[in-house]
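Trainee: My structure is stored as work-v8.cif, with mmCIF, C-alpha atoms and all ligand atoms.
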data_protein
loop_
_atom_site.label_atom_id
_atom_site.label_comp_id
_atom_site.auth_asym_id
_atom_site.auth_seq_id
_atom_site.Cartn_x
_atom_site.Cartn_y
_atom_site.Cartn_z
CA MET A 23 0.00 0.00 0.00
CA ASP A 24 1.56 3.26 -1.23
CA ILE A 25 -0.01 5.27 1.51
CA LEU A 26 1.73 3.26 4.27
CA LYS A 27 5.05 3.82 2.48
CA ASP A 28 4.26 7.53 2.44
CA LEU A 29 3.70 7.42 6.19
CA GLU A 30 6.99 5.58 6.59
CA ALA A 31 8.70 8.34 4.57
CA ILE A 32 7.05 11.06 6.68
CA LYS A 33 8.34 9.39 9.83
CA LYS A 34 11.92 9.29 8.48
CA ASN A 35 11.62 12.86 7.37
CA PHE A 36 10.29 13.92 10.79
CA GLU A 37 13.27 12.25 12.48
CA THR A 38 15.77 14.05 10.25
CA GLU A 39 14.05 17.38 10.78
CA THR A 40 13.84 17.06 14.57
CA GLU A 41 17.52 16.09 14.69
CA LYS A 42 18.33 19.47 13.16
CA CYS A 43 16.17 21.47 15.63
CA ALA A 44 18.39 23.89 17.56
CA ASP A 45 15.92 26.40 19.00
CA MET A 46 12.27 27.00 19.80
CA LYS A 47 11.59 28.66 16.49
CA GLN A 48 12.80 25.68 14.45
CA LEU A 49 10.86 23.35 16.72
CA GLU A 50 7.68 25.31 16.08
CA ASN A 51 8.33 25.11 12.31
CA VAL A 52 8.69 21.33 12.47
CA ARG A 53 5.47 21.09 14.47
CA THR A 54 3.45 23.01 11.87
CA ALA A 55 5.08 21.13 8.98
CA PHE A 56 4.12 17.71 10.34
CA LEU A 57 1.23 18.14 12.76
CA GLY A 58 -0.32 21.44 11.59
CA ARG A 59 -3.70 21.76 9.86
CA LYS A 60 -1.98 21.74 6.45
CA GLY A 61 0.87 19.51 7.65
CA GLU A 62 2.15 16.19 6.26
CA LEU A 63 -0.08 13.92 8.38
CA ASN A 64 -3.29 15.76 7.54
CA ASN A 65 -2.34 15.69 3.86
CA ILE A 66 -2.25 11.89 3.94
CA LEU A 67 -5.54 11.63 5.78
CA LYS A 68 -7.23 13.82 3.17
CA ASN A 69 -6.89 10.97 0.62
CA ILE A 70 -8.12 8.26 2.96
CA SER A 71 -11.68 8.34 1.56
CA SER A 72 -10.61 6.51 -1.63
CA LEU A 73 -9.45 3.49 0.36
CA SER A 74 -11.37 0.35 1.31
CA SER A 75 -12.64 0.19 4.89
CA ASP A 76 -9.95 -2.39 5.81
CA GLU A 77 -7.24 -0.15 4.44
CA LYS A 78 -8.80 2.87 6.16
CA ARG A 79 -8.52 1.11 9.52
CA VAL A 80 -4.82 0.20 9.00
CA VAL A 81 -3.83 3.62 7.66
CA GLY A 82 -5.90 5.47 10.29
CA LYS A 83 -4.29 3.49 13.07
CA GLN A 84 -0.78 4.04 11.72
CA ALA A 85 -1.41 7.78 11.23
CA ASN A 86 -2.68 8.08 14.80
CA THR A 87 0.37 6.26 16.17
CA LEU A 88 2.64 8.66 14.27
CA LYS A 89 0.71 11.66 15.55
CA ASN A 90 1.20 10.53 19.14
CA GLU A 91 4.87 9.72 18.55
CA PHE A 92 5.51 13.10 16.94
CA THR A 93 3.72 14.97 19.73
CA ALA A 94 5.68 13.16 22.44
CA ARG A 95 8.97 13.66 20.62
CA LEU A 96 8.32 17.39 20.15
CA SER A 97 7.42 17.99 23.79
CA GLY A 98 10.56 16.08 24.88
CA LEU A 99 12.61 18.21 22.53
CA ARG A 100 10.97 21.36 23.90
CA GLU A 101 12.10 20.44 27.45
CA GLU A 102 15.65 19.77 26.26
CA LEU A 103 15.83 23.09 24.47
CA MET A 104 14.43 24.97 27.54
CA ASP A 105 17.15 23.48 29.76
CA SER A 106 19.98 24.25 27.37
CA ARG A 107 18.89 27.75 26.40
CA SER A 108 21.95 29.91 26.05
CA ASP A 109 22.61 33.03 28.13
CA ALA A 110 22.12 35.10 25.00
CA GLU A 111 18.53 33.87 24.74
CA THR A 112 17.76 34.37 28.45
CA ASP A 113 19.55 37.70 28.77
CA GLY A 114 21.84 36.14 31.39
CA THR A 115 18.93 36.24 33.83
CA ASP A 116 18.14 33.27 36.01
CA VAL A 117 14.40 33.71 36.45
CA THR A 118 14.36 30.96 39.08
CA LEU A 119 16.45 32.99 41.56
CA PRO A 120 14.51 34.52 44.51
CA GLY A 121 13.63 38.21 44.03
CA ILE A 122 15.25 41.24 45.69
CA ARG A 123 12.99 42.70 48.36
CA PRO A 124 12.44 46.44 47.95
CA HIS A 125 13.56 48.45 51.01
CA LEU A 126 10.40 49.84 52.60
CA GLY A 127 10.64 53.03 54.64
CA ALA A 128 8.75 53.73 57.87
CA ILE A 129 7.53 56.73 59.82
CA HIS A 130 10.07 58.06 62.36
CA PRO A 131 8.99 57.25 65.97
CA LEU A 132 9.10 60.95 66.84
CA THR A 133 6.89 61.85 63.87
CA LYS A 134 4.47 59.09 64.91
CA THR A 135 4.36 60.49 68.44
CA LEU A 136 3.85 64.07 67.25
CA SER A 137 0.92 63.00 65.03
CA ARG A 138 -0.67 61.13 67.91
CA ILE A 139 -0.34 64.14 70.23
CA ASN A 140 -1.73 66.46 67.54
CA ASN A 141 -4.65 64.15 66.80
CA ILE A 142 -5.65 63.86 70.47
CA PHE A 143 -5.87 67.65 70.75
CA ILE A 144 -7.62 67.97 67.38
CA SER A 145 -10.26 65.52 68.67
CA MET A 146 -10.82 67.91 71.61
CA GLY A 147 -11.42 70.83 69.26
CA PHE A 148 -7.95 72.41 69.17
CA ARG A 149 -6.56 73.87 65.96
CA ILE A 150 -2.90 73.67 64.90
CA ALA A 151 -0.89 76.89 64.58
CA GLU A 152 2.68 77.10 63.32
CA GLY A 153 5.34 79.78 63.43
CA THR A 154 9.00 80.38 62.73
CA GLU A 155 11.96 78.86 64.57
CA ILE A 156 13.84 82.16 64.30
CA GLU A 157 12.22 84.75 66.54
CA THR A 158 12.81 88.08 68.27
CA GLU A 159 13.47 88.44 72.00
CA PHE A 160 10.05 90.05 72.44
CA TYR A 161 8.07 87.00 71.22
CA ASN A 162 10.36 84.43 72.83
CA PHE A 163 10.95 86.19 76.19
CA GLU A 164 9.44 89.59 77.01
CA ALA A 165 5.84 88.79 75.99
CA LEU A 166 6.05 85.61 78.03
CA ASN A 167 7.00 87.42 81.23
CA ILE A 168 10.67 86.46 80.98
CA PRO A 169 12.39 89.87 81.26
CA LEU A 170 16.09 90.34 80.51
CA ASP A 171 17.11 90.39 84.17
CA HIS A 172 14.96 87.46 85.29
CA PRO A 173 16.94 84.41 86.52
CA SER A 174 14.56 81.96 84.79
CA ARG A 175 15.79 83.35 81.48
CA ASP A 176 19.07 81.45 81.94
CA ALA A 177 17.40 78.08 81.35
CA PHE A 178 16.03 79.26 78.01
CA ASP A 179 18.69 81.71 76.85
CA THR A 180 19.47 80.26 73.56
CA PHE A 181 21.24 80.54 70.25
CA TYR A 182 21.39 84.07 68.88
CA VAL A 183 21.37 84.50 65.12
CA ASP A 184 22.36 88.18 65.48
CA GLU A 185 21.57 91.13 67.79
CA LYS A 186 17.88 90.91 67.04
CA TYR A 187 17.04 87.28 66.28
CA LEU A 188 17.44 83.99 68.14
CA LEU A 189 16.30 80.37 67.88
CA ARG A 190 13.08 79.99 69.91
CA SER A 191 13.36 78.08 73.20
CA HIS A 192 9.66 77.04 73.19
CA THR A 193 6.82 77.25 70.70
CA SER A 194 5.06 79.85 72.89
CA ASN A 195 6.18 82.52 70.43
CA VAL A 196 3.45 81.19 68.13
CA GLN A 197 0.77 81.71 70.80
CA ILE A 198 1.80 85.34 71.12
CA HIS A 199 1.40 85.88 67.36
CA VAL A 200 -1.97 84.08 67.40
CA MET A 201 -3.24 86.22 70.31
CA GLU A 202 -2.05 89.42 68.62
CA GLN A 203 -4.03 88.48 65.54
CA GLN A 204 -7.31 87.37 67.08
CA GLN A 205 -9.53 87.84 70.12
CA PRO A 206 -10.69 84.95 72.34
CA PRO A 207 -12.05 82.33 72.35
CA ILE A 208 -8.83 80.60 71.38
CA GLN A 209 -8.08 76.88 71.43
CA VAL A 210 -4.84 76.07 69.62
CA ILE A 211 -1.79 73.81 69.78
CA MET A 212 1.65 74.62 68.41
CA PRO A 213 3.93 71.72 67.52
CA GLY A 214 7.50 72.41 66.46
CA ARG A 215 11.25 72.45 67.05
CA VAL A 216 12.75 74.38 69.93
CA TYR A 217 16.34 75.08 71.00
CA ARG A 218 17.93 75.31 74.46
CA PRO A 219 21.50 75.71 75.69
CA ASP A 220 21.49 72.29 77.38
CA ALA A 221 24.53 70.01 77.49
CA VAL A 222 23.74 66.93 75.42
CA ASP A 223 23.29 63.65 77.33
CA ALA A 224 20.89 60.67 77.28
CA THR A 225 17.90 62.84 78.24
CA HIS A 226 18.89 66.34 77.04
CA SER A 227 19.41 67.83 73.62
CA PHE A 228 20.11 71.36 72.37
CA MET A 229 17.13 70.85 70.04
CA PHE A 230 13.89 68.99 70.73
CA HIS A 231 10.21 69.08 69.79
CA GLN A 232 7.41 70.63 71.75
CA VAL A 233 3.66 70.71 71.47
CA GLU A 234 2.26 73.63 73.42
CA GLY A 235 -1.46 74.15 73.95
CA LEU A 236 -3.43 77.30 74.76
CA MET A 237 -7.06 77.88 75.70
CA VAL A 238 -8.37 81.42 76.29
CA ALA A 239 -11.99 82.41 76.91
CA GLU A 240 -14.15 84.32 79.39
CA ASP A 241 -14.25 81.65 82.05
CA ILE A 242 -11.47 79.11 81.58
CA SER A 243 -10.73 77.57 84.99
CA PHE A 244 -8.08 75.30 86.42
CA SER A 245 -10.58 72.40 86.31
CA ASP A 246 -10.95 72.91 82.53
CA LEU A 247 -7.18 72.53 82.30
CA LYS A 248 -7.25 69.44 84.49
CA GLY A 249 -9.96 67.86 82.31
CA VAL A 250 -7.95 68.44 79.14
CA LEU A 251 -4.80 67.05 80.78
CA LEU A 252 -6.55 63.90 82.03
CA ASP A 253 -8.15 63.31 78.64
CA PHE A 254 -4.75 63.70 76.98
CA CYS A 255 -3.01 61.31 79.42
CA LYS A 256 -5.67 58.63 79.00
CA SER A 257 -5.73 58.90 75.19
CA MET A 258 -1.95 58.72 75.07
CA PHE A 259 -1.18 56.08 77.69
CA GLY A 260 -4.44 54.17 78.31
CA GLU A 261 -7.73 54.54 80.15
CA ASP A 262 -6.48 53.19 83.49
CA ILE A 263 -3.62 55.70 83.81
CA LYS A 264 -3.57 57.89 86.93
CA MET A 265 -2.54 61.56 86.86
CA ARG A 266 -1.29 63.95 89.54
CA LEU A 267 -0.29 67.62 89.52
CA ARG A 268 2.64 69.02 91.52
CA PRO A 269 3.05 72.77 92.12
CA HIS A 270 5.85 74.25 90.04
CA PHE A 271 7.10 77.58 88.71
CA PHE A 272 6.90 78.83 85.13
CA PRO A 273 7.16 82.56 84.41
CA PHE A 274 4.34 82.44 81.83
CA THR A 275 1.75 80.63 84.00
CA GLU A 276 0.42 81.24 87.52
CA PRO A 277 -0.37 78.93 89.21
CA SER A 278 1.77 76.32 87.44
CA ALA A 279 2.08 72.58 87.78
CA GLU A 280 4.15 69.68 86.61
CA VAL A 281 2.03 66.75 85.50
CA ASP A 282 2.91 63.16 86.42
CA ILE A 283 1.28 59.91 85.30
CA SER A 284 1.38 56.57 87.10
CA CYS A 285 4.37 54.64 85.73
CA ILE A 286 3.39 52.88 82.49
CA MET A 287 5.91 50.09 83.14
CA CYS A 288 5.10 49.08 86.75
CA LYS A 289 1.64 50.69 87.01
CA GLY A 290 2.79 52.66 90.05
CA LYS A 291 4.50 49.95 92.08
CA GLY A 292 7.97 51.44 91.56
CA CYS A 293 10.60 50.29 89.04
CA ARG A 294 13.80 51.37 87.28
CA VAL A 295 11.94 53.54 84.73
CA CYS A 296 10.17 55.64 87.43
CA SER A 297 13.21 55.57 89.78
CA GLY A 298 11.17 53.53 92.21
CA ASN A 299 8.56 56.18 93.05
CA GLY A 300 5.74 54.98 90.76
CA TRP A 301 5.27 58.32 88.90
CA LEU A 302 6.60 59.72 85.63
CA GLU A 303 6.80 63.44 84.90
CA ILE A 304 5.44 64.05 81.40
CA LEU A 305 4.60 67.73 80.93
CA GLY A 306 4.12 71.20 82.40
CA ALA A 307 1.00 73.34 82.51
CA GLY A 308 -0.75 76.20 84.28
CA MET A 309 -3.11 79.18 84.11
CA VAL A 310 -1.82 81.85 81.74
CA ASN A 311 -0.07 84.63 83.69
CA PRO A 312 -2.09 87.89 83.23
CA LYS A 313 1.25 89.58 82.33
CA VAL A 314 1.17 87.55 79.08
CA PHE A 315 -2.34 88.83 78.30
CA GLU A 316 -1.16 92.39 78.98
CA ALA A 317 1.66 91.95 76.46
CA VAL A 318 -0.82 91.05 73.70
CA GLY A 319 -3.42 93.62 74.74
CA TYR A 320 -6.11 91.22 76.05
CA ASP A 321 -8.53 92.46 78.74
CA THR A 322 -7.22 90.72 81.86
CA GLY A 323 -10.44 91.47 83.73
CA LYS A 324 -12.44 89.58 81.10
CA TYR A 325 -10.32 86.65 79.97
CA THR A 326 -8.59 83.74 81.63
CA GLY A 327 -6.62 80.97 79.99
CA SER A 328 -4.69 77.77 80.49
CA ALA A 329 -1.54 76.54 78.77
CA ILE A 330 0.27 73.22 78.36
CA GLY A 331 3.85 72.45 77.32
CA ILE A 332 4.68 68.91 76.18
CA GLY A 333 8.15 67.65 75.24
CA ALA A 334 7.50 65.20 72.38
CA GLU A 335 10.78 63.29 72.79
CA ARG A 336 9.96 62.57 76.43
CA ILE A 337 6.59 61.05 75.43
CA ALA A 338 8.11 59.04 72.56
CA MET A 339 10.85 57.67 74.84
CA LEU A 340 8.24 56.44 77.32
CA LEU A 341 5.95 55.00 74.63
CA TYR A 342 8.68 53.08 72.82
CA GLY A 343 11.08 52.41 75.70
CA ILE A 344 13.87 54.48 74.11
CA GLU A 345 16.61 55.22 76.64
CA ASP A 346 18.74 57.78 74.80
CA ILE A 347 17.32 60.94 73.18
CA ARG A 348 20.26 61.12 70.75
CA LEU A 349 18.96 58.03 68.92
CA PHE A 350 16.15 60.16 67.44
CA TYR A 351 18.57 62.36 65.52
CA GLU A 352 21.32 59.99 64.39
CA ASN A 353 19.42 58.42 61.48
CA ASP A 354 20.87 55.00 62.28
CA ILE A 355 18.91 52.54 60.13
CA ARG A 356 19.32 49.83 62.82
CA PHE A 357 17.40 52.05 65.26
CA LEU A 358 14.82 53.36 62.79
CA GLY A 359 14.16 49.89 61.34
CA GLN A 360 12.77 48.76 64.69
CA PHE A 361 9.72 51.00 64.26
CA ALA A 362 8.72 49.79 60.77
C1 LIG B 1 7.42 72.33 79.74
C2 LIG B 1 6.43 73.33 80.22
C3 LIG B 1 4.91 74.99 79.48
C4 LIG B 1 3.55 76.80 78.74
C5 LIG B 1 4.56 75.88 78.51
C6 LIG B 1 2.59 78.88 77.81
C7 LIG B 1 2.45 79.64 76.68
C8 LIG B 1 1.78 80.84 76.76
C9 LIG B 1 1.27 81.26 77.93
C10 LIG B 1 1.45 80.48 79.03
CL1 LIG B 1 1.62 81.78 75.37
N1 LIG B 1 2.10 79.31 78.96
N2 LIG B 1 3.25 77.69 77.73
C11 LIG B 1 2.89 76.80 79.95
C12 LIG B 1 3.26 75.90 80.93
C13 LIG B 1 4.28 74.98 80.69
O1 LIG B 1 5.92 74.11 79.18
O2 LIG B 1 8.03 71.69 80.55
N3 LIG B 1 7.59 72.15 78.44
C14 LIG B 1 8.47 71.19 77.87
#
What's the structure tokens form of this structure?

Mentor:
Amino acid sequence: MDILKDLEAIKKNFETETEKCADMKQLENVRTAFLGRKGELNNILKNISSLSSDEKRVVGKQANTLKNEFTARLSGLREELMDSRSDAETDGTDVTLPGIRPHLGAIHPLTKTLSRINNIFISMGFRIAEGTEIETEFYNFEALNIPLDHPSRDAFDTFYVDEKYLLRSHTSNVQIHVMEQQQPPIQVIMPGRVYRPDAVDATHSFMFHQVEGLMVAEDISFSDLKGVLLDFCKSMFGEDIKMRLRPHFFPFTEPSAEVDISCIMCKGKGCRVCSGNGWLEILGAGMVNPKVFEAVGYDTGKYTGSAIGIGAERIAMLLYGIEDIRLFYENDIRFLGQFA
């Protein structure tokens, strides 16, 4: 039967052609030439109708066997070619290697703390005010009842840019500008950098961040201040925190207090963090000294106010258990990476 000889020839031909296959493109050409719709095998089967049914069975069977053989051979060849693909074809890239993780950044612990502080006050109705870090002596000292000859000025006397300007030692300068520009009621916070002539050690820095708060209206009382402080402490450190006020002196407030919370580590029992006494000092506050209102031209018979000064680094150190303030500013990736 001629047709079986033809099939035999096709098989030989297929073997020769596959032997010569060196890449995927040639392999694809061989596949279409032999197995494609217009390929060699289909060509044979086209003429099958002229055969007797016995012959049809034999030829059909043989053609099917070849089709399976060819398919198996081609897929084997495909695997071989994949494995031996040259660097030129693959671009020298080993796509099976694990990927390189991108380096993800994170928010600085101090920035996180500042946003939390800001958000707590915003939730109580405070607005944020900002000012400049370079300021005149009037806004940084005189308006805040810290006259040139007053001994408390020493603690704040800071870096002078020239005769007239200096780096602010608190963000209170912003409050003065706000009060000059608008009448009460006022409810603002001022976050920002401040500078003090402190020797640098684990808990002191010549630059740190403050959030000051100011409330002024016709009948602001000390209990209003206490309510705001307690709300802040609980939002920051947890509902079961305890708070106490100790009398203190600030030139810009009278009376003034330092605010302590029950130790967040030992819950007041006494430990290394609270030096054994169960309390942690976290901020200062008081009723605005009428001298400050006089400096901005407010009617001291009509208005009272309260003010708060928070050191952001102090809060962040307590929250995250950071024992050296200098770590905030050194940009050491081993430190910063711990807050990702
Ligand atoms: C602290 C204490 C404080 C203020 C800041 C203030 C501002 C105006 C009027 C009155 Cl305009 N007071 N600020 C009041 C009490 C304490 O800071 O230890 N800060 C780190």

Trainee: Can you work out which one of A:Leu132, A:Leu26, A:Ile150, A:Leu251 has the shortest atom-to-atom distance to Leu88 of chain A, counting all atoms listed in the file?

Mentor: A:Leu26

Trainee: Report, in Å to a single decimal, how far apart atom CA of Ser278 of chain A and atom CA of Gln197 of chain A are.

Mentor: 17.5 Å

Trainee: Counting all atoms listed in the file, which residue out of A:Leu49, A:Thr118, A:Met104, A:Asn65 sits closest to Phe92 of chain A?

Mentor: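 Looking at the shortest contact to Phe92 of chain A, the residue is A:Leu49.
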
Trainee: Counting only C-alpha atoms, figure out which residue out of A:Ser227, A:Asn140, A:Thr87, A:Gln232 gets nearest to Lys33 of chain A.

Mentor: A:Thr87

Trainee: Can you measure atom CA of Asn167 of chain A to atom CA of Met212 of chain A for me? One decimal in Å is fine.

Mentor: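 These atoms are spaced 18.9 Å apart.
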
Trainee: At a cut-off of 8 Å and counting only C-alpha atoms and all ligand atoms, what residues surround ligand LIG 1 (chain B)? Please answer as a CSV table (one decimal) with C-alpha atoms, in the coordinates of the input.

Mentor:
chain,number,residue,atom,x,y,z
A,166,LEU,CA,6.0,85.6,78.0
A,192,HIS,CA,9.7,77.0,73.2
A,193,THR,CA,6.8,77.2,70.7
A,194,SER,CA,5.1,79.8,72.9
A,195,ASN,CA,6.2,82.5,70.4
A,196,VAL,CA,3.4,81.2,68.1
A,197,GLN,CA,0.8,81.7,70.8
A,198,ILE,CA,1.8,85.3,71.1
A,232,GLN,CA,7.4,70.6,71.8
A,234,GLU,CA,2.3,73.6,73.4
A,235,GLY,CA,-1.5,74.2,74.0
A,236,LEU,CA,-3.4,77.3,74.8
A,272,PHE,CA,6.9,78.8,85.1
A,274,PHE,CA,4.3,82.4,81.8
A,275,THR,CA,1.8,80.6,84.0
A,278,SER,CA,1.8,76.3,87.4
A,279,ALA,CA,2.1,72.6,87.8
A,280,GLU,CA,4.2,69.7,86.6
A,305,LEU,CA,4.6,67.7,80.9
A,306,GLY,CA,4.1,71.2,82.4
A,307,ALA,CA,1.0,73.3,82.5
A,308,GLY,CA,-0.8,76.2,84.3
A,309,MET,CA,-3.1,79.2,84.1
A,310,VAL,CA,-1.8,81.8,81.7
A,311,ASN,CA,-0.1,84.6,83.7
A,314,VAL,CA,1.2,87.6,79.1
A,328,SER,CA,-4.7,77.8,80.5
A,329,ALA,CA,-1.5,76.5,78.8
A,330,ILE,CA,0.3,73.2,78.4
A,331,GLY,CA,3.8,72.4,77.3
A,332,ILE,CA,4.7,68.9,76.2
A,333,GLY,CA,8.2,67.6,75.2

Trainee: Just how far from atom CA of Leu267 of chain A is atom CA of Pro173 of chain A, in Å to one decimal?

Mentor: 24.2 Å
